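Asks: My structure is in model23.cif, and what it holds is mmCIF, C-alpha atoms:
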```cif
data_my_file
#
loop_
_atom_site.group_PDB
_atom_site.id
_atom_site.type_symbol
_atom_site.label_atom_id
_atom_site.label_comp_id
_atom_site.auth_asym_id
_atom_site.auth_seq_id
_atom_site.Cartn_x
_atom_site.Cartn_y
_atom_site.Cartn_z
ATOM 1 C CA MET T 28 153.933 25.553 24.940
ATOM 2 C CA THR T 29 151.869 27.084 27.730
ATOM 3 C CA ALA T 30 151.076 30.278 25.822
ATOM 4 C CA GLY T 31 147.495 31.342 26.424
ATOM 5 C CA LEU T 32 147.179 28.947 29.364
ATOM 6 C CA ILE T 33 148.942 30.883 32.124
ATOM 7 C CA PRO T 34 149.035 34.625 32.767
ATOM 8 C CA PRO T 35 151.706 36.575 30.872
ATOM 9 C CA PRO T 36 154.761 38.035 32.663
ATOM 10 C CA GLY T 37 153.841 40.751 35.115
ATOM 11 C CA PHE T 38 150.582 39.145 36.191
ATOM 12 C CA SER T 39 150.983 38.586 39.923
ATOM 13 C CA PRO T 40 148.635 36.103 41.601
ATOM 14 C CA ALA T 41 147.001 38.971 43.468
ATOM 15 C CA ARG T 42 146.444 40.957 40.281
ATOM 16 C CA GLN T 43 145.049 37.947 38.478
ATOM 17 C CA ALA T 44 142.686 37.277 41.381
ATOM 18 C CA ARG T 45 141.392 40.857 41.286
ATOM 19 C CA MET T 46 140.756 40.605 37.546
ATOM 20 C CA THR T 47 139.090 37.220 37.589
ATOM 21 C CA ARG T 48 137.023 37.013 40.761
ATOM 22 C CA GLN T 49 133.611 38.394 41.414
ATOM 23 C CA PRO T 50 131.996 38.337 44.843
ATOM 24 C CA GLY T 51 131.275 34.782 45.902
ATOM 25 C CA GLN T 52 132.506 33.015 42.791
ATOM 26 C CA TYR T 53 135.472 32.378 40.495
ATOM 27 C CA HIS T 54 134.854 32.556 36.761
ATOM 28 C CA GLY T 55 138.390 31.928 35.539
ATOM 29 C CA GLN T 56 138.098 34.798 33.048
ATOM 30 C CA VAL T 57 140.554 37.668 32.611
ATOM 31 C CA ALA T 58 138.379 40.709 32.132
ATOM 32 C CA THR T 59 140.619 42.520 29.634
ATOM 33 C CA THR T 60 141.201 39.639 27.223
ATOM 34 C CA GLY T 61 138.585 36.985 27.848
ATOM 35 C CA GLU T 62 141.261 34.293 28.179
ATOM 36 C CA ARG T 63 140.576 31.519 30.667
ATOM 37 C CA TRP T 64 143.787 31.306 32.699
ATOM 38 C CA LEU T 65 144.453 28.105 34.577
ATOM 39 C CA ASP T 66 143.698 28.148 38.264
ATOM 40 C CA GLU T 67 146.215 26.760 40.743
ATOM 41 C CA ARG T 68 144.929 23.198 40.562
ATOM 42 C CA GLU T 69 144.718 23.154 36.771
ATOM 43 C CA GLN T 70 148.126 24.745 36.374
ATOM 44 C CA ARG T 71 149.770 22.219 38.701
ATOM 45 C CA ALA T 72 148.255 19.304 36.763
ATOM 46 C CA TRP T 73 149.197 20.783 33.376
ATOM 47 C CA ARG T 74 152.770 21.709 34.284
ATOM 48 C CA SER T 75 153.341 18.388 36.026
ATOM 49 C CA PHE T 76 152.143 16.545 32.915
ATOM 50 C CA ILE T 77 154.236 18.642 30.521
ATOM 51 C CA THR T 78 157.377 18.332 32.644
ATOM 52 C CA MET T 79 156.932 14.574 33.014
ATOM 53 C CA GLN T 80 156.316 14.177 29.283
ATOM 54 C CA MET T 81 159.436 16.121 28.317
ATOM 55 C CA GLU T 82 161.664 14.373 30.852
ATOM 56 C CA LEU T 83 160.375 10.934 29.846
ATOM 57 C CA HIS T 84 160.768 11.697 26.144
ATOM 58 C CA ASN T 85 164.336 12.923 26.663
ATOM 59 C CA ARG T 86 165.324 9.977 28.847
ATOM 60 C CA LEU T 87 163.879 7.375 26.499
ATOM 61 C CA GLY T 88 165.427 9.081 23.473
ATOM 62 C CA ARG T 89 168.904 9.333 24.969
ATOM 63 C CA GLN T 90 168.828 5.757 26.235
ATOM 64 C CA LEU T 91 167.554 4.397 22.916
ATOM 65 C CA LEU T 92 170.349 6.175 21.060
ATOM 66 C CA ALA T 93 172.967 4.911 23.509
ATOM 67 C CA ASP T 94 171.674 1.333 23.539
ATOM 68 C CA ALA T 95 170.849 0.814 19.870
ATOM 69 C CA GLY T 96 172.018 3.818 17.844
ATOM 70 C CA LEU T 97 168.402 4.607 16.934
ATOM 71 C CA SER T 98 166.466 7.815 17.355
ATOM 72 C CA GLU T 99 162.888 7.709 18.605
ATOM 73 C CA THR T 100 161.712 8.484 15.075
ATOM 74 C CA ASP T 101 163.770 5.579 13.702
ATOM 75 C CA TYR T 102 162.210 3.342 16.318
ATOM 76 C CA ALA T 103 158.656 4.481 15.532
ATOM 77 C CA VAL T 104 159.084 3.774 11.811
ATOM 78 C CA LEU T 105 160.648 0.367 12.421
ATOM 79 C CA VAL T 106 157.926 -0.647 14.886
ATOM 80 C CA HIS T 107 155.151 0.026 12.368
ATOM 81 C CA LEU T 108 156.990 -1.692 9.524
ATOM 82 C CA SER T 109 157.928 -4.726 11.625
ATOM 83 C CA GLU T 110 154.286 -5.191 12.645
ATOM 84 C CA ALA T 111 152.945 -4.821 9.097
ATOM 85 C CA PRO T 112 152.216 -7.800 6.815
ATOM 86 C CA GLU T 113 155.371 -8.700 4.881
ATOM 87 C CA GLY T 114 157.184 -5.953 6.783
ATOM 88 C CA ARG T 115 156.079 -3.218 4.422
ATOM 89 C CA LEU T 116 153.599 -0.360 4.153
ATOM 90 C CA ARG T 117 152.545 2.069 1.475
ATOM 91 C CA ILE T 118 154.019 5.453 2.215
ATOM 92 C CA PHE T 119 150.602 7.043 2.728
ATOM 93 C CA GLN T 120 149.778 4.293 5.248
ATOM 94 C CA LEU T 121 152.975 4.988 7.160
ATOM 95 C CA ARG T 122 152.138 8.689 7.188
ATOM 96 C CA ALA T 123 148.698 7.920 8.617
ATOM 97 C CA HIS T 124 150.169 5.731 11.364
ATOM 98 C CA LEU T 125 152.785 8.289 12.382
ATOM 99 C CA GLU T 126 150.702 11.425 11.693
ATOM 100 C CA TRP T 127 153.758 13.135 10.247
ATOM 101 C CA GLU T 128 153.969 15.789 7.584
ATOM 102 C CA LYS T 129 154.888 14.484 4.141
ATOM 103 C CA THR T 130 158.203 16.338 3.964
ATOM 104 C CA ARG T 131 159.341 15.157 7.381
ATOM 105 C CA LEU T 132 158.599 11.519 6.583
ATOM 106 C CA THR T 133 160.204 11.674 3.136
ATOM 107 C CA HIS T 134 163.455 13.112 4.471
ATOM 108 C CA HIS T 135 163.574 10.757 7.423
ATOM 109 C CA LEU T 136 162.958 7.685 5.272
ATOM 110 C CA GLY T 137 165.795 8.861 3.051
ATOM 111 C CA ARG T 138 168.182 8.974 5.984
ATOM 112 C CA MET T 139 167.053 5.541 7.163
ATOM 113 C CA ALA T 140 167.464 4.118 3.656
ATOM 114 C CA ARG T 141 171.028 5.393 3.451
ATOM 115 C CA ARG T 142 171.740 3.572 6.713
ATOM 116 C CA GLY T 143 170.247 0.381 5.300
ATOM 117 C CA LEU T 144 167.300 0.191 7.731
ATOM 118 C CA VAL T 145 164.521 0.491 5.131
ATOM 119 C CA GLU T 146 164.204 0.255 1.373
ATOM 120 C CA ARG T 147 161.792 1.468 -1.260
ATOM 121 C CA GLU T 148 159.873 -1.146 -3.233
ATOM 122 C CA PRO T 149 157.648 -0.534 -6.273
ATOM 123 C CA CYS T 150 153.936 -1.246 -5.920
ATOM 124 C CA LEU T 151 153.065 -3.724 -8.678
ATOM 125 C CA THR T 152 149.350 -2.941 -8.569
ATOM 126 C CA ASP T 153 149.892 0.820 -8.661
ATOM 127 C CA PRO T 154 152.873 1.960 -10.735
ATOM 128 C CA ARG T 155 152.494 5.448 -9.278
ATOM 129 C CA GLY T 156 152.908 4.184 -5.730
ATOM 130 C CA ALA T 157 155.605 2.640 -3.582
ATOM 131 C CA PHE T 158 156.095 0.531 -0.483
ATOM 132 C CA ILE T 159 158.604 1.086 2.275
ATOM 133 C CA ARG T 160 159.956 -2.238 3.497
ATOM 134 C CA ILE T 161 162.000 -2.961 6.590
ATOM 135 C CA THR T 162 165.353 -4.536 5.694
ATOM 136 C CA GLU T 163 167.095 -7.347 7.532
ATOM 137 C CA ALA T 164 169.350 -4.743 9.107
ATOM 138 C CA GLY T 165 166.287 -2.773 10.186
ATOM 139 C CA ARG T 166 164.649 -5.861 11.646
ATOM 140 C CA GLU T 167 167.820 -6.767 13.522
ATOM 141 C CA ALA T 168 167.989 -3.212 14.856
ATOM 142 C CA ILE T 169 164.431 -3.270 16.214
ATOM 143 C CA ILE T 170 164.868 -6.770 17.665
ATOM 144 C CA SER T 171 168.004 -5.595 19.443
ATOM 145 C CA ALA T 172 166.525 -2.293 20.629
ATOM 146 C CA ALA T 173 163.068 -3.404 21.754
ATOM 147 C CA PRO T 174 163.951 -5.358 24.942
ATOM 148 C CA LYS T 175 166.013 -2.516 26.423
ATOM 149 C CA HIS T 176 163.472 0.085 25.348
ATOM 150 C CA VAL T 177 160.628 -1.860 26.947
ATOM 151 C CA ALA T 178 162.726 -2.315 30.099
ATOM 152 C CA ASN T 179 163.142 1.456 30.331
ATOM 153 C CA VAL T 180 159.422 2.045 29.778
ATOM 154 C CA ARG T 181 158.735 -0.433 32.565
ATOM 155 C CA ARG T 182 161.387 1.124 34.806
ATOM 156 C CA TRP T 183 160.258 4.723 34.402
ATOM 157 C CA VAL T 184 156.497 4.302 33.985
ATOM 158 C CA ILE T 185 154.892 0.883 34.372
ATOM 159 C CA ASP T 186 156.571 -0.259 37.576
ATOM 160 C CA VAL T 187 156.175 3.166 39.194
ATOM 161 C CA LEU T 188 152.379 2.950 39.017
ATOM 162 C CA THR T 189 149.882 0.563 40.556
ATOM 163 C CA PRO T 190 147.590 -1.487 38.277
ATOM 164 C CA GLU T 191 144.751 0.861 39.198
ATOM 165 C CA GLN T 192 146.841 3.916 38.299
ATOM 166 C CA LEU T 193 147.739 2.345 34.954
ATOM 167 C CA ASP T 194 144.034 1.928 34.220
ATOM 168 C CA VAL T 195 143.447 5.584 35.079
ATOM 169 C CA LEU T 196 146.406 6.646 32.921
ATOM 170 C CA ALA T 197 144.999 4.719 29.953
ATOM 171 C CA GLU T 198 141.533 6.165 30.538
ATOM 172 C CA ILE T 199 142.858 9.726 30.721
ATOM 173 C CA SER T 200 144.999 9.269 27.604
ATOM 174 C CA ASP T 201 142.076 7.827 25.632
ATOM 175 C CA LYS T 202 139.778 10.643 26.719
ATOM 176 C CA VAL T 203 142.246 13.371 25.747
ATOM 177 C CA ARG T 204 142.943 11.724 22.390
ATOM 178 C CA ALA T 205 139.216 11.382 21.713
ATOM 179 C CA GLY T 206 138.937 15.135 22.119
ATOM 180 C CA PHE T 207 141.437 15.656 19.314
ATOM 181 C CA HIS T 208 138.871 14.381 16.825
ATOM 182 C CA LYS T 209 136.649 17.324 17.699
ATOM 183 C CA ASP T 210 139.436 19.799 16.958
ATOM 184 C CA VAL T 211 139.621 21.867 13.796
ATOM 185 C CA CYS T 212 143.018 20.375 12.913
ATOM 186 C CA PRO T 213 142.421 17.776 10.150
ATOM 187 C CA PRO T 214 144.114 14.385 10.540
ATOM 188 C CA VAL T 215 146.613 13.114 7.999
ATOM 189 C CA LYS T 216 144.586 11.735 5.119
ATOM 190 C CA ALA T 217 145.369 8.209 3.994
ATOM 191 C CA GLU T 218 145.020 8.911 0.290
ATOM 192 C CA PRO T 219 146.452 6.858 -2.581
ATOM 193 C CA CYS T 220 149.871 7.928 -3.752
ATOM 194 C CA ASP T 221 150.127 10.609 -6.379
ATOM 195 C CA ALA T 222 152.930 10.116 -8.883
ATOM 196 C CA GLU T 223 153.842 13.788 -8.631
ATOM 197 C CA SER T 224 153.874 13.957 -4.838
ATOM 198 C CA ALA T 225 157.137 14.067 -2.928
ATOM 199 C CA ASP T 226 156.329 10.908 -0.981
ATOM 200 C CA CYS T 227 155.611 8.801 -4.039
ATOM 201 C CA PRO T 228 158.642 9.284 -6.315
ATOM 202 C CA THR T 229 158.903 7.448 -9.593
ATOM 203 C CA ASP T 230 162.560 8.291 -10.150
ATOM 204 C CA THR T 231 164.617 6.766 -7.338
ATOM 205 C CA ALA T 232 167.770 8.465 -8.564
ATOM 206 C CA SER T 233 166.365 11.871 -7.729
ATOM 207 C CA HIS T 234 164.773 11.033 -4.384
ATOM 208 C CA ASP T 235 165.935 9.700 -1.036
ATOM 209 C CA VAL T 236 163.633 6.690 -1.091
#
```
Produce structure tokens that represent the structure in this file.
Replies:
Amino acid sequence: MTAGLIPPPGFSPARQARMTRQPGQYHGQVATTGERWLDEREQRAWRSFITMQMELHNRLGRQLLADAGLSETDYAVLVHLSEAPEGRLRIFQLRAHLEWEKTRLTHHLGRMARRGLVEREPCLTDPRGAFIRITEAGREAIISAAPKHVANVRRWVIDVLTPEQLDVLAEISDKVRAGFHKDVCPPVKAEPCDAESADCPTDTASHDV
């Protein structure tokens, strides 16, 4: 995860300093490769963020599974469906919300359908398309899970920070996310369903959802 951001094995701090510093200034460049290694301050911030993110993700995931029998991916799908009009979304809309690959979403929706949390529904205005609707069981699951999940978010994040720190956290998150739009990685396109695509099946007997 930190590849290209910190020096490779064998690069001692002293060696890195010799390769990156010129008299009177620090350029942050490794002469032999041109990579910009993180300095001490940058590395501390990055590693602290990554460690916090992983620990928080693991804690929330384990607690959600223990409390409600849901994975974080189950929870994410159910949140979007429960907030949608009529509790349903076109599959391409759900993909756009979650920013998941088509195959991942298709397989996961299949597993959720077999557990009775969601169901596939034909789109009357587009016979090639389909909706995914939250079932009563799915709605009951999210209603049961949400209070405990929110309590854990509050316990591990919200209540640990001051109101001012929360504002800074939101500002930092928004700024980083805004930078993603300048990246070369294209976002998931919210295109109409294609009858031949894996996420828009016309034969329910041969597909998960």
Asks: Between CA of Val203 (chain T) and CA of Asp101 (chain T), what distance in Å does the model show, to one decimal?
Replies: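 Going from CA of Val203 (chain T) over to CA of Asp101 (chain T) covers 25.9 Å.
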Asks: With distances taken over all atoms listed in the file, which residue among T:Gly165, T:Asp186, T:Phe76, T:Pro174 lies nearest Ser200 (chain T)?
Replies: T:Phe76
Asks: Between CA of Glu113 (chain T) and CA of Gly88 (chain T), measure the distance and give it in Å to one decimal.
Replies: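 For CA of Glu113 (chain T) relative to CA of Gly88 (chain T), the distance reads 27.6 Å.
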Asks: Between T:Leu196, T:Leu125, T:Ile118, T:Leu105, which is the closest to Cys150 (chain T) once you count only C-alpha atoms?
Replies: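 Ranking T:Leu196, T:Leu125, T:Ile118, T:Leu105 by distance to Cys150 (chain T), first place goes to T:Ile118.
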Asks: Can you translate the PyMOL selection byres ((chain T and resi 148) around 9) into the concrete residues it hits in this file, as a VMD selection string?
Replies: chain T and resid 115 146 to 147 149 to 150 157 to 160 236
Asks: For a test of reading the model, state the distance in Å between CA of Glu99 (chain T) and CA of Ile170 (chain T), rounded to one decimal.
Replies: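 Interatomic distance here is 14.6 Å.
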Asks: Can you sort out region 58-73 of chain T so it carries N, CA and C atoms, written as a CSV table (one decimal), in the coordinates of the input?
Replies:
```csv
chain,number,residue,atom,x,y,z
T,58,ALA,N,139.4,39.8,32.6
T,58,ALA,CA,138.4,40.7,32.1
T,58,ALA,C,138.8,41.4,30.9
T,59,THR,N,140.2,41.7,30.8
T,59,THR,CA,140.6,42.5,29.6
T,59,THR,C,140.8,41.7,28.3
T,60,THR,N,140.9,40.4,28.4
T,60,THR,CA,141.2,39.6,27.2
T,60,THR,C,140.2,38.5,27.0
T,61,GLY,N,139.5,38.1,28.0
T,61,GLY,CA,138.6,37.0,27.8
T,61,GLY,C,139.2,35.6,27.9
T,62,GLU,N,140.6,35.6,28.1
T,62,GLU,CA,141.3,34.3,28.2
T,62,GLU,C,140.9,33.6,29.5
T,63,ARG,N,140.8,32.3,29.4
T,63,ARG,CA,140.6,31.5,30.7
T,63,ARG,C,141.9,31.0,31.2
T,64,TRP,N,142.5,31.8,32.1
T,64,TRP,CA,143.8,31.3,32.7
T,64,TRP,C,143.5,30.1,33.6
T,65,LEU,N,144.6,29.3,33.7
T,65,LEU,CA,144.5,28.1,34.6
T,65,LEU,C,144.5,28.5,36.0
T,66,ASP,N,143.6,27.9,36.8
T,66,ASP,CA,143.7,28.1,38.3
T,66,ASP,C,144.8,27.3,38.8
T,67,GLU,N,145.1,27.4,40.1
T,67,GLU,CA,146.2,26.8,40.7
T,67,GLU,C,146.2,25.2,40.5
T,68,ARG,N,145.0,24.7,40.7
T,68,ARG,CA,144.9,23.2,40.6
T,68,ARG,C,145.2,22.8,39.1
T,69,GLU,N,144.6,23.5,38.2
T,69,GLU,CA,144.7,23.2,36.8
T,69,GLU,C,146.2,23.3,36.3
T,70,GLN,N,146.8,24.5,36.8
T,70,GLN,CA,148.1,24.7,36.4
T,70,GLN,C,149.1,23.7,36.9
T,71,ARG,N,148.9,23.3,38.1
T,71,ARG,CA,149.8,22.2,38.7
T,71,ARG,C,149.7,20.9,37.9
T,72,ALA,N,148.4,20.5,37.5
T,72,ALA,CA,148.3,19.3,36.8
T,72,ALA,C,148.9,19.4,35.4
T,73,TRP,N,148.7,20.6,34.7
T,73,TRP,CA,149.2,20.8,33.4
T,73,TRP,C,150.7,20.8,33.4
```
